Amino acid sequence: MVVFGAALLYEETAEAFEWLCTVFFRAMSANMPQTFITDQDPAIYLAVSLVMPQTYYRLCIWHLEQNAFKHLNHIFRAHKSFPSDFSKLLYYYEYEDDFLNAWEEMLEKYDLKDNSWLKNTFAIREKWSMTYGRNVFSASMRSTQLSESFNGSLRGYLKSDLDIVQFFKHFQRAIDDKCANESKSNFDITQRISVLKVKLPLLIHAREIYNVTIFDLFEKKWERSLLVSINGFHDEGEFCKYNVSTHGSRREHVVVVKCSTKVVSCSCKLFEFSGVLCGHALKILDTLNIKDKIPDHYILKRWTKDVTNLVAMEIKVFSEGGDSKVEVSIRYRHLGQTLVQIASEASESKEGYELLAKYSNEIIAKLKEVKIKNESHESPPVPSKVLHDETIFVDSANVTKVIGLKKKQSTRRSNTRPKSFVEKTRKTKNKIQSPVSPPLQTVQHVSHLADLQAPCPPLSNATTNTG
Ligand SMILES: [Zn+2]
């Protein structure tokens with residue numbers, strides 16, 4: 001697990017989450033995540049859709065199942081076949097037609113046509129059903145499980161009666177421990193070598209390039225490919241289609257091959273979803289006589305051993321008289337990506353840390369010289385505008401002690417989301433707290449602590465805002 005950042009939010013409104021997403025987006029050098037997984041919260045959904053419109057917003061499938069148990073409890077109890085039928089709608093169907101037909105059959109079979117929860121759930125089906133979501137890369141994740149395990153481990157570090165200074169100290173300890181675990185995991189998965197079950201060129205290549213976790217997964221998929229049969233073949237000119245099934249299963253998949261490039265795509269979409277080829281695709285690659293190496297376009301950099309290796313920076317050349325603000329932004333992003341990698345690599349060892357610290361000081365001194373030189377050629381600086389309504393007043397003698405916060409005029413959706421148990425109990429405590437310790441809540445980019453202890457908000461809350 002990698003913690004990219006953390007923030008304390010004063011309130012859980014769409015505006016607050018929008019700010020958080022914007023800061024996170026900037027911190028990630030404006031790299032938009034492909035997938036954002038959370039439980040149902042209209043405020044988070046609104047913020048993500050505004051700040052990261054191209055990101056696929058995926059609802060945590062575990063929370064959705066819990067909501068189903070709650071709203072359809074009588075159906076789950078009365079019909080043994082219902083859990084299986086409902087589960088198939090979540091995970092099984094590959095084509096939209098099949099999903100829609102199965103949905104209608106379920107409504108008919110269990111007399112659920114008038115069930116309002118199912119109507120609302122159907123309206124947002126693209127956010128939870130794998131029929132729609134298997135085509136988007138999510139590193140195999142469908143739930144907020146990782147985020148929640150982090151929330152759980154945080155409880156071992158934090159207590160509700162900590163003041164703000166103590167909170168930050170303990171929170172930093174939690175993050176330090178996570179970073180240490182991450183370094184250890186990185187070392188393990190990149191340095192450990194799996195023992196090959198079969199010495200074949202394709203597996204030898206996979207072991208050379210993939211980290212050990214992905215190699216083990218790849219090897220399992222390769223083993224599955226031995227059980228795959230080709231049931232049909234259709235030559236459609238530019239593309240060829242293979243109907244395949246795994247021994248012991250009646251389920252059929254279609255592997256499409258682009259004849260000119262030999263690029264394959266399976267209807268199960270495992271590669272698109274996880275970045276690892278499925279057994280069906282491996283079977284067809286073998287049929288196409290691709291036996292020595294995994295083609296480059298199936299190797300995701302993030303799953304390889306040398307993902308942390310640094311490469312030399314390319315120096316971009318900017319034209320004279322360009323848009324200076326745009327150029328500053330591009331330069332910042334370009335430098336930021338490499339410098340984060342350098343810091344990550346250098347912090348792995350004492351030598352690396354000292355080397356980077358030494359050269360950083362030299363660079364800082366040089367940058368000061370450049371700044372002085374540039375300013376001597378510029379007109380006197382204009383005093384910066386003070387934005388009173390955005391200012392957070394901080395006691396300069398103790399930077400961790402917040403002495404006042406902007407009071408929000410109004411909040412969007414704050415009345416529509418049910419208050420969690422944690423929020424309700426905190427509200428009572430706040431009345432007797434000093435104003436120097438405002439109520440604060442920990443927020444991650446995926447989920448939040450309060451949600452763990454609160455019942456899941458009903459789907460209808462999200463539906464009204466997601467359309
Ligand atoms: Zn497949």
# chains A, B, ... in the order shown; residues from 1 in each chain; ligands from 1
>>> residues_near_ligand(ligand="ligand 1", cutoff="9 Å", atoms="only C-alpha atoms and all ligand atoms", output="number ranges by chain")
A: 244, 253-255, 265-271, 277-282
>>> atom_distance(atom1="atom CA of Val136 of chain A", atom2="atom CA of Trp117 of chain A")
26.1 Å
>>> select_by_dssp(residues="segment 28-212 of chain A", states="helix (DSSP H, G or I)", output="PyMOL selection string")
chain A and resi 42-51+61-71+73-78+82-91+96-109+116-123+125-127+130-133+145-154+164-191+201-209+212
>>> atom_distance(atom1="atom CA of Ile124 of chain A", atom2="atom CA of Lys80 of chain A")
25.9 Å
>>> residues_around(residues="Gly156 of chain A", least_positions_apart="5", cutoff="12 Å", atoms="only C-alpha atoms", output="PyMOL selection string")
chain A and resi 149-151+170-171+173-174+177
>>> write_last_selection(atoms="C-alpha atoms", output="PDB file, in the first residue's frame")
ATOM      1  CA  SER A 149      -7.447  -1.591   6.360  1.00  0.00           C
ATOM      2  CA  PHE A 150      -5.453   1.664   6.612  1.00  0.00           C
ATOM      3  CA  ASN A 151      -8.297   3.223   8.609  1.00  0.00           C
ATOM      4  CA  HIS A 170       1.115  10.022  15.980  1.00  0.00           C
ATOM      5  CA  PHE A 171      -0.150  10.370  12.438  1.00  0.00           C
ATOM      6  CA  ARG A 173       4.428   7.703  13.053  1.00  0.00           C
ATOM      7  CA  ALA A 174       1.675   5.841  11.214  1.00  0.00           C
ATOM      8  CA  ASP A 177       5.586   2.848   9.422  1.00  0.00           C
TER       9      ASP A 177
END
>>> select_by_dssp(residues="segment 177-386 of chain A", states="strand (DSSP E)", output="ChimeraX atom specification")
/A:228-236,239-246,252-258,263-266
>>> residues_around(residues="Trp103 of chain A", least_positions_apart="5", cutoff="12 Å", atoms="only C-alpha atoms", output="list in words")
Phe82, Asp85, Phe86, Ser87, Lys88, Leu89, Leu90, Tyr93, Glu96, Asp97, Asp98, Glu108, Lys109, Tyr110, Asp111, Leu112, Lys113, Leu118, Lys119, Thr121, Phe122, Arg125 and Ser129 of chain A
>>> write_last_selection(atoms="N, CA and C atoms", output="compact mmCIF listing (two decimals), in the first residue's frame")
# COMPACT_ATOMS: atom_id res chain seq x y z
N PHE A 82 -31.29 -16.33 -5.13
CA PHE A 82 -31.13 -14.89 -5.33
C PHE A 82 -29.68 -14.41 -5.16
N ASP A 85 -27.87 -15.07 -8.38
CA ASP A 85 -28.36 -14.24 -9.49
C ASP A 85 -27.88 -12.80 -9.34
N PHE A 86 -27.91 -12.29 -8.10
CA PHE A 86 -27.49 -10.90 -7.87
C PHE A 86 -25.98 -10.76 -8.06
N SER A 87 -25.24 -11.75 -7.57
CA SER A 87 -23.79 -11.71 -7.70
C SER A 87 -23.35 -11.69 -9.16
N LYS A 88 -24.07 -12.43 -10.00
CA LYS A 88 -23.74 -12.45 -11.43
C LYS A 88 -23.87 -11.06 -12.04
N LEU A 89 -24.85 -10.30 -11.57
CA LEU A 89 -25.02 -8.94 -12.09
C LEU A 89 -23.85 -8.04 -11.70
N LEU A 90 -23.23 -8.37 -10.59
CA LEU A 90 -22.08 -7.58 -10.13
C LEU A 90 -20.81 -7.95 -10.90
N TYR A 93 -21.36 -10.90 -16.05
CA TYR A 93 -21.70 -10.67 -17.46
C TYR A 93 -20.66 -9.80 -18.17
N GLU A 96 -23.36 -6.02 -22.35
CA GLU A 96 -24.46 -5.23 -21.78
C GLU A 96 -25.82 -5.91 -22.01
N ASP A 97 -26.01 -6.48 -23.20
CA ASP A 97 -27.29 -7.14 -23.48
C ASP A 97 -27.58 -8.25 -22.47
N ASP A 98 -26.53 -9.03 -22.17
CA ASP A 98 -26.70 -10.13 -21.21
C ASP A 98 -27.06 -9.58 -19.83
N GLU A 108 -38.43 -9.93 -12.62
CA GLU A 108 -39.63 -10.75 -12.87
C GLU A 108 -39.68 -11.93 -11.89
N LYS A 109 -38.55 -12.64 -11.81
CA LYS A 109 -38.50 -13.89 -11.03
C LYS A 109 -38.79 -13.66 -9.55
N TYR A 110 -38.30 -12.53 -9.01
CA TYR A 110 -38.46 -12.29 -7.57
C TYR A 110 -39.48 -11.18 -7.26
N ASP A 111 -40.25 -10.80 -8.29
CA ASP A 111 -41.30 -9.79 -8.14
C ASP A 111 -40.75 -8.50 -7.51
N LEU A 112 -39.73 -7.94 -8.17
CA LEU A 112 -39.05 -6.77 -7.62
C LEU A 112 -39.17 -5.53 -8.51
N LYS A 113 -40.14 -5.54 -9.41
CA LYS A 113 -40.23 -4.43 -10.37
C LYS A 113 -40.46 -3.09 -9.71
N LEU A 118 -33.69 -0.95 -5.96
CA LEU A 118 -33.16 -1.54 -7.19
C LEU A 118 -33.28 -0.57 -8.36
N LYS A 119 -34.35 0.22 -8.38
CA LYS A 119 -34.49 1.20 -9.46
C LYS A 119 -33.33 2.21 -9.41
N THR A 121 -30.44 1.77 -7.94
CA THR A 121 -29.18 1.06 -8.19
C THR A 121 -28.97 0.83 -9.68
N PHE A 122 -30.03 0.50 -10.37
CA PHE A 122 -29.94 0.27 -11.81
C PHE A 122 -29.49 1.56 -12.53
N ARG A 125 -25.76 1.79 -12.69
CA ARG A 125 -25.13 0.48 -12.92
C ARG A 125 -23.73 0.58 -13.49
N SER A 129 -21.26 -2.28 -11.83
CA SER A 129 -21.27 -3.59 -12.48
C SER A 129 -19.99 -3.79 -13.29
>>> closest_residue(among="A:Arg192, A:Lys258, A:Arg302, A:His377", to="Gly237 of chain A", atoms="only C-alpha atoms")
A:Lys258
>>> closest_residue(among="A:Thr304, A:Gln341, A:Thr213, A:Ser225", to="Asp188 of chain A", atoms="only C-alpha atoms")
A:Thr213
